[in-house]
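Just query.tsv here, TSV, C-alpha atoms:
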```tsv
chain	number	residue	atom	x	y	z
A	21	MET	CA	-9.70	-16.87	-25.70
A	22	THR	CA	-6.10	-17.94	-26.22
A	23	CYS	CA	-2.97	-16.24	-27.50
A	24	SER	CA	-0.73	-17.43	-30.27
A	25	LEU	CA	2.35	-16.16	-32.05
A	26	GLU	CA	2.27	-15.20	-35.69
A	27	LEU	CA	5.40	-14.32	-37.62
A	28	THR	CA	4.89	-11.52	-40.11
A	29	THR	CA	7.20	-9.48	-42.24
A	30	LEU	CA	6.93	-6.75	-39.60
A	31	GLY	CA	8.16	-9.06	-36.86
A	32	VAL	CA	6.51	-11.17	-34.25
A	33	ARG	CA	2.97	-10.15	-33.46
A	34	LEU	CA	0.75	-11.41	-30.72
A	35	ILE	CA	-2.64	-12.67	-31.71
A	36	LEU	CA	-5.33	-13.04	-29.10
A	37	SER	CA	-8.38	-14.83	-30.27
A	38	GLY	CA	-11.32	-12.46	-29.94
A	39	GLU	CA	-9.34	-9.54	-28.40
A	40	PRO	CA	-6.17	-9.00	-30.45
A	41	ASP	CA	-6.06	-5.26	-29.81
A	42	LEU	CA	-6.49	-5.60	-26.07
A	43	ILE	CA	-3.46	-7.82	-25.53
A	44	ASP	CA	-1.40	-5.59	-27.80
A	45	GLU	CA	-2.39	-2.65	-25.62
A	46	VAL	CA	-1.37	-4.55	-22.49
A	47	SER	CA	1.97	-5.49	-24.03
A	48	LYS	CA	2.59	-1.83	-24.84
A	49	LEU	CA	1.73	-0.85	-21.25
A	50	CYS	CA	4.15	-3.49	-19.97
A	51	LEU	CA	6.93	-2.19	-22.20
A	52	GLU	CA	6.31	1.32	-20.85
A	53	LEU	CA	6.53	0.02	-17.28
A	54	ILE	CA	9.76	-1.84	-18.02
A	55	GLU	CA	10.98	1.20	-19.97
A	56	GLY	CA	11.89	-1.37	-22.59
A	57	ASP	CA	10.12	-0.02	-25.63
A	58	GLY	CA	12.23	-0.89	-28.65
A	59	VAL	CA	14.22	-3.57	-26.79
A	60	PRO	CA	13.63	-6.73	-28.86
A	61	ALA	CA	14.57	-9.13	-26.05
A	62	LEU	CA	11.92	-7.67	-23.75
A	63	GLU	CA	9.31	-7.58	-26.48
A	64	GLN	CA	10.06	-11.23	-27.21
A	65	ALA	CA	9.87	-12.12	-23.51
A	66	LEU	CA	6.40	-10.56	-23.28
A	67	LEU	CA	5.23	-12.47	-26.32
A	68	GLU	CA	6.46	-15.75	-24.92
A	69	VAL	CA	4.74	-15.16	-21.59
A	70	ALA	CA	1.38	-14.53	-23.25
A	71	ALA	CA	1.53	-17.11	-26.01
A	72	GLY	CA	-1.02	-19.88	-25.80
A	73	GLN	CA	-2.64	-18.50	-22.66
A	74	PRO	CA	-6.25	-17.58	-22.00
A	75	PHE	CA	-6.60	-13.82	-21.73
A	76	ALA	CA	-6.72	-13.66	-17.92
A	77	ALA	CA	-3.59	-15.81	-17.62
A	78	ALA	CA	-1.83	-13.81	-20.34
A	79	LEU	CA	-2.67	-10.58	-18.54
A	80	ALA	CA	-1.39	-11.97	-15.25
A	81	GLY	CA	1.80	-13.28	-16.86
A	82	LEU	CA	2.50	-10.03	-18.68
A	83	THR	CA	1.91	-8.03	-15.52
A	84	GLU	CA	4.16	-10.26	-13.44
A	85	LEU	CA	6.97	-9.95	-15.96
A	86	ALA	CA	6.56	-6.19	-16.24
A	87	VAL	CA	6.54	-5.45	-12.50
A	88	SER	CA	9.44	-7.77	-11.80
A	89	ARG	CA	11.61	-6.11	-14.46
A	90	SER	CA	10.51	-2.52	-14.03
A	91	PRO	CA	13.07	-0.02	-12.72
A	92	LEU	CA	10.17	1.69	-10.97
A	93	LEU	CA	9.14	0.62	-7.47
A	94	CYS	CA	5.99	-1.39	-8.21
A	95	ILE	CA	3.47	-1.95	-5.42
A	96	HIS	CA	0.31	-4.03	-5.54
A	97	ALA	CA	-2.37	-1.35	-5.32
A	98	GLY	CA	-5.34	0.31	-6.93
A	99	VAL	CA	-4.40	3.80	-8.14
A	100	VAL	CA	-6.58	6.73	-9.19
A	101	LEU	CA	-6.10	10.48	-9.57
A	102	GLY	CA	-8.09	12.93	-7.48
A	103	ARG	CA	-8.02	16.71	-7.27
A	104	ALA	CA	-5.09	16.85	-4.83
A	105	GLY	CA	-3.08	14.01	-6.31
A	106	VAL	CA	-2.97	10.25	-6.48
A	107	LEU	CA	-5.04	8.03	-4.20
A	108	ALA	CA	-3.44	4.63	-3.73
A	109	PHE	CA	-4.86	1.68	-1.85
A	110	PRO	CA	-2.30	-1.10	-1.51
A	111	GLY	CA	-3.53	-4.56	-0.76
A	112	GLN	CA	-3.39	-8.24	-1.50
A	113	SER	CA	-5.24	-10.08	-4.27
A	114	GLY	CA	-8.92	-10.55	-3.47
A	115	LEU	CA	-9.23	-7.30	-1.55
A	116	GLY	CA	-11.51	-5.83	-4.21
A	117	LYS	CA	-9.01	-3.33	-5.64
A	118	SER	CA	-10.30	-3.62	-9.20
A	119	THR	CA	-13.91	-3.16	-8.12
A	120	LEU	CA	-13.07	-0.15	-5.96
A	121	THR	CA	-10.87	1.31	-8.70
A	122	ALA	CA	-13.67	0.97	-11.25
A	123	ALA	CA	-16.15	2.52	-8.81
A	124	LEU	CA	-13.81	5.44	-8.16
A	125	VAL	CA	-13.30	6.04	-11.89
A	126	ARG	CA	-17.07	6.00	-12.33
A	127	ALA	CA	-17.27	8.56	-9.52
A	128	GLY	CA	-14.98	10.89	-11.46
A	129	PHE	CA	-11.44	9.94	-10.43
A	130	GLY	CA	-8.89	9.42	-13.20
A	131	TYR	CA	-7.71	5.86	-13.88
A	132	LEU	CA	-4.05	4.98	-13.41
A	133	SER	CA	-4.10	1.27	-12.50
A	134	ASP	CA	-6.11	-1.43	-10.79
A	135	GLU	CA	-2.93	-3.40	-10.06
A	136	THR	CA	0.26	-1.43	-9.62
A	137	LEU	CA	1.38	1.76	-7.97
A	138	ALA	CA	4.52	2.39	-10.04
A	139	LEU	CA	6.78	4.99	-8.44
A	140	GLN	CA	9.83	6.65	-9.88
A	141	ARG	CA	12.34	6.10	-7.07
A	142	ARG	CA	14.05	9.49	-7.07
A	143	THR	CA	10.94	11.67	-7.30
A	144	GLY	CA	8.03	9.53	-6.16
A	145	ARG	CA	6.17	10.38	-9.35
A	146	VAL	CA	3.50	7.88	-10.38
A	147	ALA	CA	3.52	6.08	-13.71
A	148	ARG	CA	0.37	4.81	-15.37
A	149	PHE	CA	-0.28	1.10	-15.80
A	150	ALA	CA	-3.82	1.33	-17.10
A	151	ARG	CA	-4.62	-2.33	-17.66
A	152	PRO	CA	-8.07	-3.62	-18.51
A	153	LEU	CA	-10.01	-4.18	-15.30
A	154	GLY	CA	-10.98	-7.74	-14.44
A	155	LEU	CA	-14.35	-7.81	-12.73
A	156	ALA	CA	-16.55	-10.64	-11.51
A	157	PRO	CA	-20.16	-10.77	-12.70
A	158	ASP	CA	-21.56	-9.79	-9.29
A	159	VAL	CA	-20.10	-6.29	-9.66
A	160	TRP	CA	-21.02	-5.64	-13.30
A	161	GLU	CA	-24.50	-4.44	-12.41
A	162	LEU	CA	-23.19	-2.34	-9.54
A	163	LEU	CA	-20.85	-0.57	-11.95
A	164	GLY	CA	-23.31	-0.39	-14.82
A	165	VAL	CA	-21.36	-2.52	-17.30
A	166	GLY	CA	-23.69	-5.46	-17.70
A	167	SER	CA	-25.83	-8.00	-15.97
A	168	PRO	CA	-24.59	-11.17	-14.30
A	169	SER	CA	-27.01	-13.09	-16.51
A	170	ALA	CA	-24.85	-12.06	-19.47
A	171	ALA	CA	-21.87	-13.96	-18.06
A	172	ASP	CA	-20.39	-16.80	-20.05
A	173	GLY	CA	-20.72	-20.39	-18.95
A	174	ASP	CA	-21.81	-20.86	-15.36
A	175	GLY	CA	-21.97	-17.12	-14.78
A	176	GLY	CA	-18.99	-17.01	-12.48
A	177	GLU	CA	-16.33	-15.97	-14.95
A	178	GLU	CA	-14.41	-12.73	-14.58
A	179	ARG	CA	-14.55	-10.45	-17.58
A	180	HIS	CA	-12.08	-7.73	-18.54
A	181	PHE	CA	-13.20	-4.22	-19.39
A	182	ARG	CA	-11.36	-1.36	-20.99
A	183	PRO	CA	-10.96	1.48	-18.47
A	184	ALA	CA	-12.91	3.81	-20.76
A	185	ALA	CA	-16.03	1.79	-19.86
A	186	PHE	CA	-15.92	3.51	-16.47
A	187	GLY	CA	-14.42	6.92	-17.10
A	188	ARG	CA	-11.21	8.71	-17.91
A	189	VAL	CA	-7.68	7.34	-18.15
A	190	VAL	CA	-5.17	9.90	-16.88
A	191	PRO	CA	-2.94	11.15	-19.70
A	192	ILE	CA	0.75	11.56	-18.84
A	193	PRO	CA	2.07	13.12	-22.06
A	194	ASN	CA	5.53	13.86	-20.72
A	195	TRP	CA	6.91	11.26	-18.30
A	196	PRO	CA	8.06	11.93	-15.63
A	197	ASP	CA	7.65	15.70	-15.58
A	198	ASP	CA	3.86	15.64	-15.99
A	199	ALA	CA	3.33	12.66	-13.70
A	200	PRO	CA	1.37	13.20	-10.47
A	201	LYS	CA	2.48	12.36	-6.93
A	202	VAL	CA	0.71	10.42	-4.21
A	203	SER	CA	-1.48	12.61	-1.99
A	204	ASP	CA	-3.40	9.92	-0.07
A	205	ILE	CA	-2.72	6.32	0.90
A	206	LEU	CA	-5.72	4.28	2.03
A	207	LEU	CA	-5.33	1.02	3.91
A	208	VAL	CA	-8.72	-0.48	3.17
A	209	GLU	CA	-10.69	-3.41	4.56
A	210	ARG	CA	-14.02	-4.86	3.54
A	211	GLY	CA	-16.51	-5.20	6.37
A	212	ASP	CA	-20.18	-5.24	7.26
A	213	SER	CA	-20.03	-2.03	9.28
A	214	PRO	CA	-20.86	1.43	7.91
A	215	ILE	CA	-18.10	3.27	6.06
A	216	GLU	CA	-15.18	4.26	8.31
A	217	LEU	CA	-12.39	6.61	7.31
A	218	HIS	CA	-9.81	8.02	9.72
A	219	ARG	CA	-6.21	9.20	9.67
A	220	ILE	CA	-3.44	6.88	10.88
A	221	GLY	CA	0.34	7.11	11.24
A	222	THR	CA	2.83	7.28	8.40
A	223	GLU	CA	4.60	4.15	9.62
A	224	ARG	CA	1.59	2.00	8.76
A	225	ALA	CA	1.80	3.12	5.15
A	226	VAL	CA	5.54	2.44	4.96
A	227	GLN	CA	5.00	-1.10	6.20
A	228	GLU	CA	2.12	-1.75	3.82
A	229	LEU	CA	3.83	-0.25	0.77
A	230	LEU	CA	6.85	-2.49	1.24
A	231	ARG	CA	4.78	-5.54	2.20
A	232	ARG	CA	2.84	-5.20	-1.08
A	233	SER	CA	5.85	-4.38	-3.24
A	234	PHE	CA	6.53	-6.59	-6.23
A	235	ASN	CA	10.17	-5.67	-6.75
A	236	HIS	CA	11.69	-3.86	-3.77
A	237	TYR	CA	14.27	-6.65	-3.45
A	238	ARG	CA	16.03	-5.40	-6.57
A	239	GLU	CA	17.10	-2.16	-4.86
A	240	PRO	CA	16.15	-2.56	-1.18
A	241	ALA	CA	17.63	0.64	0.23
A	242	SER	CA	16.27	2.81	-2.57
A	243	SER	CA	12.86	1.12	-2.30
A	244	PHE	CA	12.73	1.74	1.43
A	245	ALA	CA	13.70	5.39	0.99
A	246	THR	CA	11.07	5.80	-1.74
A	247	ALA	CA	8.33	4.19	0.37
A	248	VAL	CA	9.16	6.43	3.33
A	249	ALA	CA	9.31	9.58	1.20
A	250	VAL	CA	6.00	8.78	-0.49
A	251	ALA	CA	4.30	7.94	2.82
A	252	LYS	CA	5.60	11.13	4.45
A	253	GLN	CA	4.30	13.34	1.65
A	254	ALA	CA	0.84	11.72	1.75
A	255	ARG	CA	-2.05	11.60	4.16
A	256	VAL	CA	-2.53	8.06	5.42
A	257	TRP	CA	-5.99	6.68	6.12
A	258	ALA	CA	-7.53	3.51	7.47
A	259	ALA	CA	-10.83	2.75	5.77
A	260	ARG	CA	-13.53	0.12	6.03
A	261	TYR	CA	-16.42	-0.25	3.62
A	262	GLN	CA	-18.98	-2.74	2.43
A	263	ASP	CA	-20.28	-1.23	-0.80
A	264	ALA	CA	-17.61	-0.05	-3.26
A	265	GLY	CA	-20.00	2.31	-5.06
A	266	ALA	CA	-21.09	4.11	-1.89
A	267	PHE	CA	-17.51	4.29	-0.65
A	268	ALA	CA	-16.33	5.74	-3.98
A	269	GLU	CA	-19.00	8.44	-3.77
A	270	GLN	CA	-17.89	9.31	-0.25
A	271	LEU	CA	-14.24	9.51	-1.33
A	272	ALA	CA	-15.24	11.74	-4.25
A	273	ALA	CA	-16.98	14.06	-1.79
A	274	GLU	CA	-14.10	13.90	0.70
A	275	PHE	CA	-11.13	14.24	-1.67
A	276	GLY	CA	-12.62	15.69	-4.84
A	277	ALA	CA	-12.55	13.70	-8.04
A	278	ALA	CA	-10.03	14.82	-10.66
B	4	MET	CA	15.26	-10.36	30.41
B	5	THR	CA	17.60	-11.63	33.11
B	6	HIS	CA	19.79	-9.60	35.45
B	7	LEU	CA	22.78	-11.30	33.84
B	8	SER	CA	21.94	-9.99	30.38
B	9	ILE	CA	21.84	-6.44	31.74
B	10	LEU	CA	25.24	-6.90	33.41
B	11	ALA	CA	26.59	-8.32	30.19
B	12	THR	CA	25.62	-5.32	28.11
B	13	VAL	CA	26.25	-2.24	30.27
B	14	SER	CA	29.75	-1.79	28.93
B	15	SER	CA	29.03	-3.09	25.45
B	16	ARG	CA	28.92	-0.85	22.44
B	17	TYR	CA	26.53	-1.39	19.57
B	18	ALA	CA	26.37	-0.08	16.03
B	19	PRO	CA	23.95	-0.50	13.10
B	20	SER	CA	24.41	-3.76	11.24
B	21	THR	CA	25.27	-3.97	7.57
B	22	GLY	CA	22.18	-3.94	5.37
B	23	VAL	CA	20.11	-1.85	7.78
B	24	THR	CA	18.75	1.48	6.54
B	25	ALA	CA	17.07	4.05	8.75
B	26	GLU	CA	14.61	6.77	7.83
B	27	GLU	CA	13.13	9.33	10.20
B	28	LEU	CA	9.38	9.76	10.51
B	29	ASP	CA	7.47	12.59	12.17
B	30	ASP	CA	7.15	10.72	15.45
B	31	GLY	CA	9.81	8.05	15.36
B	32	MET	CA	11.83	6.09	12.90
B	33	CYS	CA	11.57	3.22	10.44
B	34	LEU	CA	14.34	0.68	9.96
B	35	TYR	CA	14.64	-1.66	7.00
B	36	HIS	CA	16.74	-4.82	7.30
B	37	SER	CA	17.54	-6.06	3.81
B	38	GLY	CA	18.73	-9.47	5.05
B	39	ARG	CA	15.47	-10.10	6.89
B	40	ASP	CA	13.39	-8.14	4.35
B	41	GLU	CA	11.64	-6.57	7.30
B	42	VAL	CA	10.56	-3.12	8.42
B	43	LEU	CA	10.75	-2.19	12.08
B	44	VAL	CA	8.98	0.87	13.38
B	45	LEU	CA	10.51	2.64	16.38
B	46	ASN	CA	8.73	5.14	18.61
B	47	GLN	CA	10.59	8.31	19.51
B	48	THR	CA	12.32	6.83	22.58
B	49	ALA	CA	13.52	3.75	20.72
B	50	ALA	CA	14.61	6.01	17.85
B	51	ASP	CA	16.72	8.04	20.30
B	52	VAL	CA	18.36	4.82	21.51
B	53	TRP	CA	19.03	3.79	17.90
B	54	GLN	CA	20.62	7.12	17.02
B	55	LEU	CA	22.92	6.94	20.06
B	56	SER	CA	23.98	3.39	19.18
B	57	ASP	CA	26.83	4.58	17.02
B	58	GLY	CA	29.54	2.20	18.22
B	59	GLU	CA	31.12	4.86	20.41
B	60	LEU	CA	28.83	5.10	23.41
B	61	ASP	CA	28.40	2.07	25.63
B	62	LEU	CA	25.07	1.29	27.20
B	63	THR	CA	25.85	3.33	30.27
B	64	GLY	CA	26.77	6.27	28.05
B	65	ILE	CA	23.52	5.99	26.11
B	66	VAL	CA	21.53	5.92	29.33
B	67	ARG	CA	23.36	9.01	30.62
B	68	GLN	CA	22.77	10.91	27.38
B	69	LEU	CA	19.08	10.09	27.34
B	70	ALA	CA	18.71	11.00	31.00
B	71	GLY	CA	20.07	14.42	30.08
B	72	ILE	CA	17.72	14.76	27.10
B	73	TYR	CA	14.66	13.63	29.03
B	74	ALA	CA	15.71	15.38	32.28
B	75	THR	CA	15.21	12.24	34.32
B	76	GLU	CA	17.20	9.84	36.48
B	77	ALA	CA	19.45	7.46	34.56
B	78	GLU	CA	18.36	4.50	36.65
B	79	ALA	CA	14.77	5.05	35.58
B	80	LEU	CA	15.79	4.57	31.95
B	81	ARG	CA	18.33	1.77	32.19
B	82	ALA	CA	15.95	-1.18	31.93
B	83	ASP	CA	14.04	0.29	28.96
B	84	VAL	CA	17.21	1.21	27.09
B	85	THR	CA	18.66	-2.23	27.69
B	86	ALA	CA	15.48	-3.86	26.46
B	87	VAL	CA	15.52	-1.80	23.25
B	88	VAL	CA	19.18	-2.57	22.57
B	89	ASP	CA	18.67	-6.24	23.35
B	90	GLU	CA	15.74	-6.43	20.96
B	91	LEU	CA	17.50	-4.55	18.15
B	92	ALA	CA	20.61	-6.68	18.59
B	93	GLY	CA	18.56	-9.86	18.86
B	94	LYS	CA	16.85	-9.12	15.54
B	95	GLY	CA	20.16	-8.23	13.90
B	96	TYR	CA	19.56	-4.49	13.48
B	97	LEU	CA	22.46	-3.72	15.84
B	98	HIS	CA	25.66	-5.63	16.32
B	99	GLU	CA	28.09	-5.50	19.19
B	100	VAL	CA	31.27	-3.61	18.40
B	101	SER	CA	34.48	-5.30	19.50
B	102	GLU	CA	37.56	-3.42	20.64
B	103	SER	CA	39.31	-4.33	17.38
B	104	ASP	CA	36.46	-2.64	15.45
B	105	ARG	CA	37.19	0.53	17.41
B	106	SER	CA	40.86	0.82	16.56
B	107	PRO	CA	41.89	4.48	16.33
B	108	GLY	CA	41.95	5.80	12.82
```

Re-express the file's structure as structure tokens.
Amino acid sequence: MTCSLELTTLGVRLILSGEPDLIDEVSKLCLELIEGDGVPALEQALLEVAAGQPFAAALAGLTELAVSRSPLLCIHAGVVLGRAGVLAFPGQSGLGKSTLTAALVRAGFGYLSDETLALQRRTGRVARFARPLGLAPDVWELLGVGSPSAADGDGGEERHFRPAAFGRVVPIPNWPDDAPKVSDILLVERGDSPIELHRIGTERAVQELLRRSFNHYREPASSFATAVAVAKQARVWAARYQDAGAFAEQLAAEFGAA
Amino acid sequence: MTHLSILATVSSRYAPSTGVTAEELDDGMCLYHSGRDEVLVLNQTAADVWQLSDGELDLTGIVRQLAGIYATEAEALRADVTAVVDELAGKGYLHEVSESDRSPG
């Protein structure tokens, strides 16, 4: 799948071979995150980033542009909504955030993002960045969205799924007034041991939120204050798990799905 | 830390450096240094030292104040306080205040 640009009488439109609607949806999400809807220069920048790219690369490029330009404090994290508020698990690429996010949404949590905890700096309210979830074939069966044998090519290729394949996307009809706040921050690790979940100090969350931030350098003092305020209002947990599905079920029992 | 470094700092005054932001936590404090892009977590004792490093009190004054707060002998605190100040100054979170910085205003 590759993207191309097509000029129409309605303006420039992005065409993605095979998935034209999906990349349009992602572009719209990016514009929301940048708060640049209706700004032609930003719309053009998004188109140029995605043009000619395979879908995964287009998604990565669009996301990078959006989080770097967003006025919100954007932190690399999986983000879902539970009964008490937002659960966020910041972490580096390869941690399994998308898999855990999908498992949590299947377990009844609301989907906000598999990539970015986007915080309004003044209030700490959480914006939605509900991208398609990129999952490797070895987790499709676990999450009930297909069999690894259905994978393209050598079977190792990641495939992107609309969030609705797993459950509910959280509606935020009136940003920021209707937006939720963070109730729990989980610092997660994968491991062979049984599931562990215990409370830890606020300072660990502050460090991790800033370490995983995409754009704190734009407004360092405000970003620091936001990270501290969000960490202080939340419960902070250290967690270790092996199986994302089992861990998601435990979190649903512990925190209550939305 | 050498004996000399302690002697060199007892009468020195320190203040927060430019670009450093502090936020209180339940059991301590977090500092962010924008130049280093680094977060430093202080326990309650180190946070007390930080808050007293306002450019007015010298090291001896800080030790005396903390001895009063903790109801302990000043000498028992001096080495720890000096170590905290040395570390914060060494990492650029504090800077030494010169007499010209303290001109009456």

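The closest residue to Ile43 in chain A, picked from A:His218, A:Val87, A:Lys117, A:Pro152 and counting all atoms listed in the file, is A:Pro152.
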
Shortest contact to chain B, candidates A:Arg126, A:Lys201, A:His236, A:Arg182, atoms counted all atoms listed in the file, goes to A:His236

Checklist line | Pick from B:Leu43, B:Leu80, B:Ala18, B:Val13, whichever lies nearest to chain A using all atoms listed in the file | finding: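 Result for the nearest residue to chain A: B:Leu43.
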
For this session: Go through A:Glu228, A:Glu178, A:Asp57, A:Asp263 and flag the residue nearest chain B, using only C-alpha atoms for the distances.
Result: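 Answer, going by the shortest atom-to-atom distance: A:Glu228.
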
Item to complete: For CA of Ser243 in chain A and CA of Met32 in chain B, determine how far apart the two atoms are, in Å to one decimal place.
Response: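 A separation of 16.0 Å between them.
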
Quiz item: Could you write out as a ChimeraX atom specification the residues of chain B within 9 Å of chain A, counting all atoms listed in the file?
Solution: /B:22-37,40-44

Students should find that CA of Ala104 in chain A and CA of Pro200 in chain A are spaced 9.3 Å

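One finds CA of Gly114 in chain A at 23.1 Å from CA of Val202 in chain A.
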
Got a sec: who's within 10 Å of Pro214 in chain A, counting all atoms listed in the file, leaving out chain neighbours fewer than 6 positions off, as a PDB file with C-alpha atoms, keeping the file's coordinate frame?
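Wrote it out as selection15.pdb, contents follow:
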```pdb
ATOM      1  CA  ARG A 260     -13.530   0.120   6.030  1.00  0.00           C
ATOM      2  CA  TYR A 261     -16.420  -0.250   3.620  1.00  0.00           C
ATOM      3  CA  GLN A 262     -18.980  -2.740   2.430  1.00  0.00           C
ATOM      4  CA  ASP A 263     -20.280  -1.230  -0.800  1.00  0.00           C
ATOM      5  CA  PHE A 267     -17.510   4.290  -0.650  1.00  0.00           C
TER       6      PHE A 267
END
```

Counting all atoms listed in the file, closest pick from A:Ile215, A:Ala78, A:Ala65, A:Val106 relative to Gly144 in chain A is A:Val106

Discussion item. Between B:Thr48, B:Lys94, B:Glu99, B:Ser56, which residue has the minimum interatomic distance to Tyr73 in chain B, considering all atoms listed in the file?
Written reply: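 Among the listed residues, the smallest separation from Tyr73 in chain B belongs to B:Thr48.
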
Q.
Which residues are close to Gly95 in chain B, i.e. within 9 Å by all atoms listed in the file, leaving aside same-chain residues fewer than 4 positions away? Reply as an NGL selection string.
A. :B and (19-20 or 23 or 36 or 39 or 90-91)

- What's the 7 Å shell around Arg255 in chain A, counting all atoms listed in the file, without same-chain residues fewer than 2 positions away, as a PyMOL selection string? chain A and resi 203-205+257

Practice problem: Please provide as a ChimeraX atom specification all residues within 12 Å of Arg16 in chain B, with the sequence filter that same-chain residues fewer than 6 positions apart are discarded (counting all atoms listed in the file). | Solution: /B:53,55-65,85,88-89,92,97-102,104-105

First collect every listed atom of range 91-103 of chain B; then fit an axis-aligned box around them, widen it by 8 Å on each side, and give centre and edge lengths in Å to one decimal, as AutoDock Vina command-line options.
```
--center_x 28.1 --center_y -6.6 --center_z 17.1 --size_x 38.5 --size_y 22.4 --size_z 23.2
```

Quick one: residues within 10 Å of Pro91 in chain A, all atoms listed in the file, excluding same-chain residues fewer than 2 positions away - as a PyMOL selection string?
chain A and resi 53-55+86-89+93-94+138-141+235-236+238-239
